[in-house]
$ cat upload-v4.pdb   # PDB, C-alpha atoms
ATOM      1  CA  MET K1380     -25.171 111.058  34.457
ATOM      2  CA  LEU K1381     -26.282 113.079  37.490
ATOM      3  CA  PRO K1382     -26.148 110.145  39.979
ATOM      4  CA  TYR K1383     -22.560 109.405  38.979
ATOM      5  CA  LEU K1384     -21.555 113.022  39.501
ATOM      6  CA  LEU K1385     -23.235 113.016  42.910
ATOM      7  CA  ILE K1386     -21.373 109.818  43.853
ATOM      8  CA  SER K1387     -18.055 111.330  42.835
ATOM      9  CA  SER K1388     -18.690 114.570  44.719
ATOM     10  CA  LEU K1389     -19.603 112.560  47.815
ATOM     11  CA  LEU K1390     -16.409 110.515  47.435
ATOM     12  CA  PHE K1391     -14.291 113.641  47.049
ATOM     13  CA  SER K1392     -15.839 115.409  50.041
ATOM     14  CA  SER K1393     -15.560 112.376  52.302
ATOM     15  CA  GLY K1394     -11.962 111.875  51.199
ATOM     16  CA  LEU K1395     -11.197 115.478  52.072
ATOM     17  CA  ALA K1396     -12.966 115.028  55.404
ATOM     18  CA  ALA K1397     -10.904 111.909  56.160
ATOM     19  CA  ALA K1398      -7.689 113.725  55.244
ATOM     20  CA  LEU K1399      -8.490 116.799  57.329
ATOM     21  CA  LEU K1400     -10.350 115.352  60.305
ATOM     22  CA  ARG K1401      -8.646 112.118  61.287
ATOM     23  CA  ARG K1402      -5.567 112.063  63.468
ATOM     24  CA  ASN K1403      -3.996 108.905  62.144
ATOM     25  CA  ALA K1404      -1.591 109.262  59.200
ATOM     26  CA  VAL K1405      -2.947 106.089  57.561
ATOM     27  CA  MET K1406      -6.396 107.663  57.431
ATOM     28  CA  VAL K1407      -4.969 110.821  55.850
ATOM     29  CA  LEU K1408      -3.428 108.686  53.106
ATOM     30  CA  ILE K1409      -6.703 106.803  52.666
ATOM     31  CA  GLY K1410      -8.546 110.100  52.294
ATOM     32  CA  ILE K1411      -6.184 111.030  49.479
ATOM     33  CA  GLU K1412      -6.924 107.663  47.830
ATOM     34  CA  LEU K1413     -10.669 108.394  48.046
ATOM     35  CA  MET K1414     -10.175 111.773  46.355
ATOM     36  CA  LEU K1415      -8.136 110.131  43.581
ATOM     37  CA  ASN K1416     -10.934 107.614  43.117
ATOM     38  CA  ALA K1417     -13.468 110.410  42.754
ATOM     39  CA  ALA K1418     -11.339 111.911  39.982
ATOM     40  CA  ASN K1419     -11.092 108.503  38.260
ATOM     41  CA  LEU K1420     -14.856 108.073  38.398
ATOM     42  CA  ASN K1421     -15.325 111.484  36.799
ATOM     43  CA  PHE K1422     -12.949 110.523  33.987
ATOM     44  CA  ILE K1423     -15.007 107.418  33.215
ATOM     45  CA  VAL K1424     -18.344 109.249  33.488
ATOM     46  CA  PHE K1425     -17.274 111.995  31.113
ATOM     47  CA  TRP K1426     -15.916 109.346  28.758
ATOM     48  CA  LYS K1427     -19.279 107.574  28.696
ATOM     49  CA  TYR K1428     -21.364 110.742  28.462
ATOM     50  CA  GLY K1429     -18.916 112.891  26.509
ATOM     51  CA  PRO K1430     -19.787 115.193  23.626
ATOM     52  CA  GLY K1431     -17.717 113.819  20.811
ATOM     53  CA  PRO K1432     -16.566 110.602  19.242
ATOM     54  CA  ALA K1433     -15.315 108.432  22.079
ATOM     55  CA  THR K1434     -11.607 107.718  22.309
ATOM     56  CA  LEU K1435      -9.770 105.375  24.636
ATOM     57  CA  SER K1436      -7.650 108.114  26.234
ATOM     58  CA  PRO K1437      -9.787 108.528  29.403
ATOM     59  CA  ILE K1438      -9.636 104.790  30.112
ATOM     60  CA  LEU K1439      -5.874 104.743  29.723
ATOM     61  CA  PHE K1440      -5.564 107.907  31.805
ATOM     62  CA  VAL K1441      -7.479 106.220  34.625
ATOM     63  CA  LEU K1442      -5.294 103.152  34.273
ATOM     64  CA  PHE K1443      -2.129 105.245  34.698
ATOM     65  CA  SER K1444      -3.739 107.151  37.546
ATOM     66  CA  ILE K1445      -4.542 103.900  39.386
ATOM     67  CA  ALA K1446      -0.936 102.749  38.978
ATOM     68  CA  ILE K1447       0.453 106.050  40.259
ATOM     69  CA  ALA K1448      -1.977 106.024  43.205
ATOM     70  CA  ALA K1449      -0.788 102.525  44.098
ATOM     71  CA  ALA K1450       2.845 103.679  43.984
ATOM     72  CA  GLU K1451       1.984 106.680  46.130
ATOM     73  CA  ALA K1452       0.203 104.496  48.677
ATOM     74  CA  GLY K1453       3.186 102.140  48.859
ATOM     75  CA  VAL K1454       5.719 104.898  49.501
ATOM     76  CA  GLY K1455       3.380 106.742  51.865
ATOM     77  CA  LEU K1456       2.706 103.681  53.991
ATOM     78  CA  ALA K1457       6.445 102.898  54.105
ATOM     79  CA  LEU K1458       7.032 106.484  55.286
ATOM     80  CA  ILE K1459       4.420 106.020  58.022
ATOM     81  CA  LEU K1460       6.187 102.825  59.134
ATOM     82  CA  ALA K1461       9.548 104.653  59.238
ATOM     83  CA  ILE K1462       8.078 107.566  61.212
ATOM     84  CA  HIS K1463       6.434 105.135  63.604
ATOM     85  CA  ARG K1464       9.770 103.443  64.212
ATOM     86  CA  HIS K1465      11.521 106.704  65.034
ATOM     87  CA  ARG K1466       8.801 108.594  66.899
ATOM     88  CA  GLN K1467       6.453 105.821  68.126
ATOM     89  CA  THR K1468       3.437 107.704  66.816
ATOM     90  CA  THR K1469       1.180 107.749  63.782
ATOM     91  CA  ASN K1470      -0.605 110.895  64.902
ATOM     92  CA  VAL K1471      -0.201 113.673  62.333
ATOM     93  CA  ASP K1472      -0.533 116.328  65.050
ATOM     94  CA  GLU K1473       2.674 115.026  66.645
ATOM     95  CA  MET K1474       4.675 114.885  63.394
ATOM     96  CA  ASP K1475       5.970 118.431  63.711
ATOM     97  CA  SER K1476       9.699 117.999  63.343
ATOM     98  CA  LEU K1477      11.912 117.466  60.303
ATOM     99  CA  ARG K1478      14.669 115.792  62.337
ATOM    100  CA  GLY K1479      14.692 112.000  62.407
TER     101      GLY K1479
ATOM    102  CA  MET L1285     -32.179 106.347  38.647
ATOM    103  CA  ASN L1286     -32.088 102.602  38.398
ATOM    104  CA  PHE L1287     -32.264 100.092  41.170
ATOM    105  CA  ASP L1288     -28.739  98.692  40.800
ATOM    106  CA  LEU L1289     -27.181 102.131  40.705
ATOM    107  CA  ALA L1290     -29.111 103.070  43.848
ATOM    108  CA  ILE L1291     -27.700 100.033  45.665
ATOM    109  CA  LEU L1292     -24.167 100.798  44.457
ATOM    110  CA  SER L1293     -24.382 104.422  45.563
ATOM    111  CA  LEU L1294     -25.707 103.323  48.933
ATOM    112  CA  ILE L1295     -22.727 100.951  49.331
ATOM    113  CA  ILE L1296     -20.281 103.686  48.323
ATOM    114  CA  ALA L1297     -21.842 106.315  50.584
ATOM    115  CA  ALA L1298     -22.015 103.984  53.592
ATOM    116  CA  GLY L1299     -18.438 102.763  53.006
ATOM    117  CA  SER L1300     -16.871 106.180  52.653
ATOM    118  CA  ILE L1301     -18.743 107.727  55.586
ATOM    119  CA  GLY L1302     -17.979 104.649  57.689
ATOM    120  CA  ALA L1303     -14.295 105.027  56.818
ATOM    121  CA  ILE L1304     -14.352 108.506  58.349
ATOM    122  CA  LEU L1305     -16.421 107.675  61.411
ATOM    123  CA  PHE L1306     -15.256 104.249  62.641
ATOM    124  CA  ARG L1307     -13.179 104.458  65.806
ATOM    125  CA  ASP L1308     -11.220 101.295  65.094
ATOM    126  CA  LEU L1309      -8.792 101.836  62.224
ATOM    127  CA  VAL L1310      -9.152  98.234  61.024
ATOM    128  CA  HIS L1311     -12.878  98.816  60.596
ATOM    129  CA  SER L1312     -12.161 102.052  58.738
ATOM    130  CA  VAL L1313      -9.848 100.327  56.281
ATOM    131  CA  LEU L1314     -12.277  97.444  55.701
ATOM    132  CA  SER L1315     -15.060  99.961  55.114
ATOM    133  CA  LEU L1316     -12.783 101.609  52.567
ATOM    134  CA  ALA L1317     -12.385  98.242  50.811
ATOM    135  CA  VAL L1318     -16.194  98.054  50.594
ATOM    136  CA  THR L1319     -16.216 101.524  49.002
ATOM    137  CA  PHE L1320     -13.658 100.405  46.416
ATOM    138  CA  PHE L1321     -15.790  97.351  45.617
ATOM    139  CA  GLY L1322     -18.839  99.534  45.071
ATOM    140  CA  LEU L1323     -16.826 101.822  42.831
ATOM    141  CA  ALA L1324     -15.734  98.813  40.771
ATOM    142  CA  GLY L1325     -19.411  97.997  40.342
ATOM    143  CA  VAL L1326     -20.053 101.512  39.059
ATOM    144  CA  TYR L1327     -17.200 101.133  36.555
ATOM    145  CA  LEU L1328     -18.714  97.855  35.366
ATOM    146  CA  ARG L1329     -22.047  99.594  34.948
ATOM    147  CA  LEU L1330     -20.428 102.328  32.882
ATOM    148  CA  GLY L1331     -18.896  99.777  30.520
ATOM    149  CA  ALA L1332     -15.282 100.082  31.644
ATOM    150  CA  GLU L1333     -14.660  96.440  32.536
ATOM    151  CA  PHE L1334     -10.897  96.535  32.547
ATOM    152  CA  ILE L1335     -10.866  99.529  34.904
ATOM    153  CA  ALA L1336     -13.323  97.739  37.187
ATOM    154  CA  PHE L1337     -11.108  94.678  37.448
ATOM    155  CA  SER L1338      -7.952  96.749  37.937
ATOM    156  CA  GLN L1339      -9.812  98.637  40.639
ATOM    157  CA  VAL L1340     -10.554  95.383  42.472
ATOM    158  CA  ILE L1341      -7.030  94.038  42.022
ATOM    159  CA  VAL L1342      -5.118  97.222  42.836
ATOM    160  CA  TYR L1343      -7.306  98.964  45.396
ATOM    161  CA  VAL L1344      -9.075  96.143  47.210
ATOM    162  CA  GLY L1345      -6.289  93.623  46.766
ATOM    163  CA  ALA L1346      -3.227  95.804  47.276
ATOM    164  CA  VAL L1347      -3.849  99.277  48.690
ATOM    165  CA  ALA L1348      -6.466  98.364  51.286
ATOM    166  CA  ILE L1349      -4.573  95.270  52.440
ATOM    167  CA  LEU L1350      -1.318  97.248  52.636
ATOM    168  CA  ALA L1351      -3.077  99.912  54.709
ATOM    169  CA  LEU L1352      -4.470  97.149  56.927
ATOM    170  CA  PHE L1353      -0.970  95.761  57.486
ATOM    171  CA  VAL L1354       0.389  99.208  58.358
ATOM    172  CA  VAL L1355      -2.487  99.804  60.768
ATOM    173  CA  ILE L1356      -1.804  96.501  62.518
ATOM    174  CA  LEU L1357       1.966  97.056  62.582
ATOM    175  CA  THR L1358       1.733 100.567  64.027
ATOM    176  CA  ARG L1359      -0.960  99.753  66.530
ATOM    177  CA  LYS L1360       1.009  99.512  69.737
ATOM    178  CA  GLY L1361       1.917 103.199  69.876
ATOM    179  CA  GLU L1362      -1.717 104.199  69.812
ATOM    180  CA  ARG L1363      -3.359 105.430  72.968
ATOM    181  CA  ALA L1364      -6.945 104.322  73.265
ATOM    182  CA  ALA L1365      -8.180 107.296  75.257
ATOM    183  CA  GLU L1366      -7.346 109.753  72.500
ATOM    184  CA  SER L1367      -9.974 111.073  70.154
ATOM    185  CA  ARG L1368      -9.803 109.765  66.606
ATOM    186  CA  PHE L1369     -10.366 113.251  65.197
ATOM    187  CA  SER L1370      -7.996 116.190  65.116
ATOM    188  CA  ALA L1371      -8.354 118.915  67.694
ATOM    189  CA  ASP L1372      -9.684 121.414  65.188
ATOM    190  CA  ARG L1373     -12.674 119.760  63.556
ATOM    191  CA  LEU L1374     -15.375 122.355  63.010
ATOM    192  CA  LEU L1375     -13.716 124.229  60.153
ATOM    193  CA  PRO L1376     -12.727 121.107  58.127
ATOM    194  CA  LEU L1377     -16.227 119.696  58.546
ATOM    195  CA  ALA L1378     -17.778 122.957  57.336
ATOM    196  CA  VAL L1379     -15.389 123.117  54.371
ATOM    197  CA  CYS L1380     -16.139 119.514  53.346
ATOM    198  CA  SER L1381     -19.906 119.822  53.596
ATOM    199  CA  MET L1382     -19.845 123.123  51.709
ATOM    200  CA  LEU L1383     -17.705 121.490  49.055
ATOM    201  CA  PHE L1384     -20.166 118.625  48.679
ATOM    202  CA  VAL L1385     -23.149 120.966  48.474
ATOM    203  CA  GLY L1386     -21.338 123.163  45.961
ATOM    204  CA  LEU L1387     -20.306 120.258  43.729
ATOM    205  CA  ALA L1388     -23.752 118.656  43.874
ATOM    206  CA  ALA L1389     -25.462 121.957  43.088
ATOM    207  CA  ALA L1390     -23.109 122.559  40.168
ATOM    208  CA  ALA L1391     -23.856 119.088  38.764
ATOM    209  CA  TRP L1392     -27.570 119.565  39.377
ATOM    210  CA  SER L1393     -27.848 122.904  37.620
ATOM    211  CA  SER L1394     -25.610 122.134  34.656
ATOM    212  CA  SER L1395     -27.015 121.314  31.250
ATOM    213  CA  ILE L1396     -24.776 118.271  30.760
ATOM    214  CA  LYS L1397     -26.780 116.115  33.164
ATOM    215  CA  SER L1398     -29.335 115.214  30.503
ATOM    216  CA  ARG L1399     -26.753 114.281  27.907
ATOM    217  CA  PRO L1400     -27.344 110.849  26.365
ATOM    218  CA  GLU L1401     -24.954 107.933  26.646
ATOM    219  CA  LEU L1402     -22.378 107.641  23.878
ATOM    220  CA  ALA L1403     -22.904 104.444  21.938
ATOM    221  CA  SER L1404     -19.320 104.475  20.683
ATOM    222  CA  ALA L1405     -17.874 104.547  24.192
ATOM    223  CA  THR L1406     -16.757 100.944  24.512
ATOM    224  CA  ALA L1407     -13.389  99.646  25.592
ATOM    225  CA  SER L1408     -12.550  96.069  24.783
ATOM    226  CA  MET L1409      -9.373  94.478  26.054
ATOM    227  CA  ARG L1410      -8.105  94.122  22.493
ATOM    228  CA  GLN L1411      -8.488  97.855  21.780
ATOM    229  CA  LEU L1412      -6.871  98.788  25.092
ATOM    230  CA  GLY L1413      -3.914  96.497  24.504
ATOM    231  CA  ARG L1414      -3.383  97.895  21.032
ATOM    232  CA  GLU L1415      -3.481 101.482  22.320
ATOM    233  CA  LEU L1416      -1.114 100.681  25.192
ATOM    234  CA  MET L1417       1.383  99.092  22.828
ATOM    235  CA  SER L1418       1.182 101.794  20.135
ATOM    236  CA  SER L1419       0.371 105.382  21.116
ATOM    237  CA  TYR L1420       0.900 104.977  24.856
ATOM    238  CA  VAL L1421       4.025 102.849  24.882
ATOM    239  CA  VAL L1422       6.288 105.611  26.266
ATOM    240  CA  PRO L1423       3.999 106.419  29.241
ATOM    241  CA  LEU L1424       3.746 102.686  29.905
ATOM    242  CA  GLU L1425       7.529 102.320  30.059
ATOM    243  CA  VAL L1426       7.873 105.433  32.240
ATOM    244  CA  LEU L1427       5.234 103.993  34.542
ATOM    245  CA  GLY L1428       7.169 100.741  34.800
ATOM    246  CA  LEU L1429      10.278 102.727  35.755
ATOM    247  CA  LEU L1430       8.301 104.726  38.311
ATOM    248  CA  LEU L1431       6.857 101.592  39.904
ATOM    249  CA  THR L1432      10.316 100.021  40.143
ATOM    250  CA  ALA L1433      11.700 103.178  41.760
ATOM    251  CA  CYS L1434       8.771 103.228  44.188
ATOM    252  CA  MET L1435       9.288  99.599  45.101
ATOM    253  CA  ILE L1436      12.987 100.174  45.849
ATOM    254  CA  GLY L1437      12.248 103.419  47.711
ATOM    255  CA  ALA L1438       9.517 101.862  49.843
ATOM    256  CA  THR L1439      11.774  98.928  50.719
ATOM    257  CA  ILE L1440      14.600 101.247  51.745
ATOM    258  CA  LEU L1441      12.244 103.419  53.807
ATOM    259  CA  ALA L1442      10.725 100.473  55.608
ATOM    260  CA  LEU L1443      14.067  98.717  56.206
ATOM    261  CA  ASN L1444      15.079  98.342  59.798
ATOM    262  CA  ASP L1445      18.204 100.436  60.452
ATOM    263  CA  ASP L1446      19.265  98.855  63.712
ATOM    264  CA  ARG L1447      22.964  99.611  63.281
ATOM    265  CA  GLU L1448      22.701 103.292  64.086
ATOM    266  CA  SER L1449      20.239 103.197  66.947
ATOM    267  CA  ASN L1450      21.435 102.921  70.515
ATOM    268  CA  PRO L1451      19.274 101.100  73.086
ATOM    269  CA  ASP L1452      17.877 104.363  74.537
ATOM    270  CA  GLU L1453      15.998 105.114  71.378
ATOM    271  CA  ASP L1454      13.964 101.938  71.489
ATOM    272  CA  LYS L1455      11.827 103.226  74.334
ATOM    273  CA  PRO L1456       8.744 105.234  73.455
ATOM    274  CA  HIS L1457       9.122 108.981  73.742
ATOM    275  CA  SER L1458       7.500 110.073  76.939
ATOM    276  CA  SER L1459       7.065 113.718  75.929
ATOM    277  CA  HIS L1460       3.736 114.991  74.582
TER     278      HIS L1460
END

$ encode --input "upload-v4.pdb" --output "structure tokens"
Amino acid sequence: MLPYLLISSLLFSSGLAAALLRRNAVMVLIGIELMLNAANLNFIVFWKYGPGPATLSPILFVLFSIAIAAAEAGVGLALILAIHRHRQTTNVDEMDSLRG
Amino acid sequence: MNFDLAILSLIIAAGSIGAILFRDLVHSVLSLAVTFFGLAGVYLRLGAEFIAFSQVIVYVGAVAILALFVVILTRKGERAAESRFSADRLLPLAVCSMLFVGLAAAAWSSSIKSRPELASATASMRQLGRELMSSYVVPLEVLGLLLTACMIGATILALNDDRESNPDEDKPHSSH
């Protein structure tokens, strides 16, 4: 199970790097999606290599997590569109005001 | 480490690092779609077929394409001369690489890495459907409500509110 854990730690770190390093708000959101995917992969790996009798809960948890991530991406991308319409920017460094 | 897993991890690593490094945002998002495909392959390899197919449908089919549309729609405000990275990049890079080294070292040194595969860990569609309709029916309904609320909220957020804006606001802000 070591390769899977290495894959998921690489996914999490690169997601964090995308969220922290890139200027564009879409890339920040995509970094968050990568981190969520790393968590999902860990759920499945620890389901397959778990200690006890296997249950279906991890699979269903990942299913709900995928659905919530999709909802989050939809609302986040709509927010980016709205901000772009008002401020003409998708640069997170320039989004420094709460007024519309 | 098997050959197929090595190829899948190579695809995932190249896709996720490409998503960070590509200058063009469209390339970044497509590279992300490649990462999601590789991840679906890993799920298939682990015996979670339904999750693998939902991963392809939801992430590759919906999230990546939606991100692609937003990138294309918001493109005109972008200035090409700007750097794609934030001004402060040394500290985040150090934090991320330290995090990766820490996580990898923790996985490497733990005793669970030699644990055998569970033979009972299988998830057929029939079992999943039964579970979803019996013990997990309330979360399923709540999730349906949440997705409906998100759909309405995203539509309202992305709606064009032309009524309130006066013609001055249509020009790009020249400050900054």

$ closest_residue --input "upload-v4.pdb" --among "L:Ala1438, L:Val1421, L:Ala1378, L:Leu1305" --to "chain K" --atoms "all atoms listed in the file"
L:Ala1438

$ resolve_selection --input "upload-v4.pdb" --expression "the ChimeraX specification (/L :<6) & /K" --output "PyMOL selection string"
chain K and resi 1380-1381+1385+1388+1392+1396-1397+1400-1402+1427-1428+1433+1450+1454+1457+1461+1467-1468

$ atom_distance --input "upload-v4.pdb" --atom1 "atom CA of Val1426 of chain L" --atom2 "atom CA of Val1407 of chain K"
27.4 Å

$ atom_distance --input "upload-v4.pdb" --atom1 "atom CA of Asp1288 of chain L" --atom2 "atom CA of Phe1306 of chain L"
26.3 Å

$ atom_distance --input "upload-v4.pdb" --atom1 "atom CA of Ile1459 of chain K" --atom2 "atom CA of Ile1356 of chain L"
12.2 Å

$ resolve_selection --input "upload-v4.pdb" --expression "the PyMOL selection byres ((chain K and resi 1421-1423) around 8)" --output "VMD selection string"
(chain K and resid 1383 to 1384 1387 1417 to 1420 1424 to 1427 1437 to 1438 1441) or (chain L and resid 1327 1330 1332)
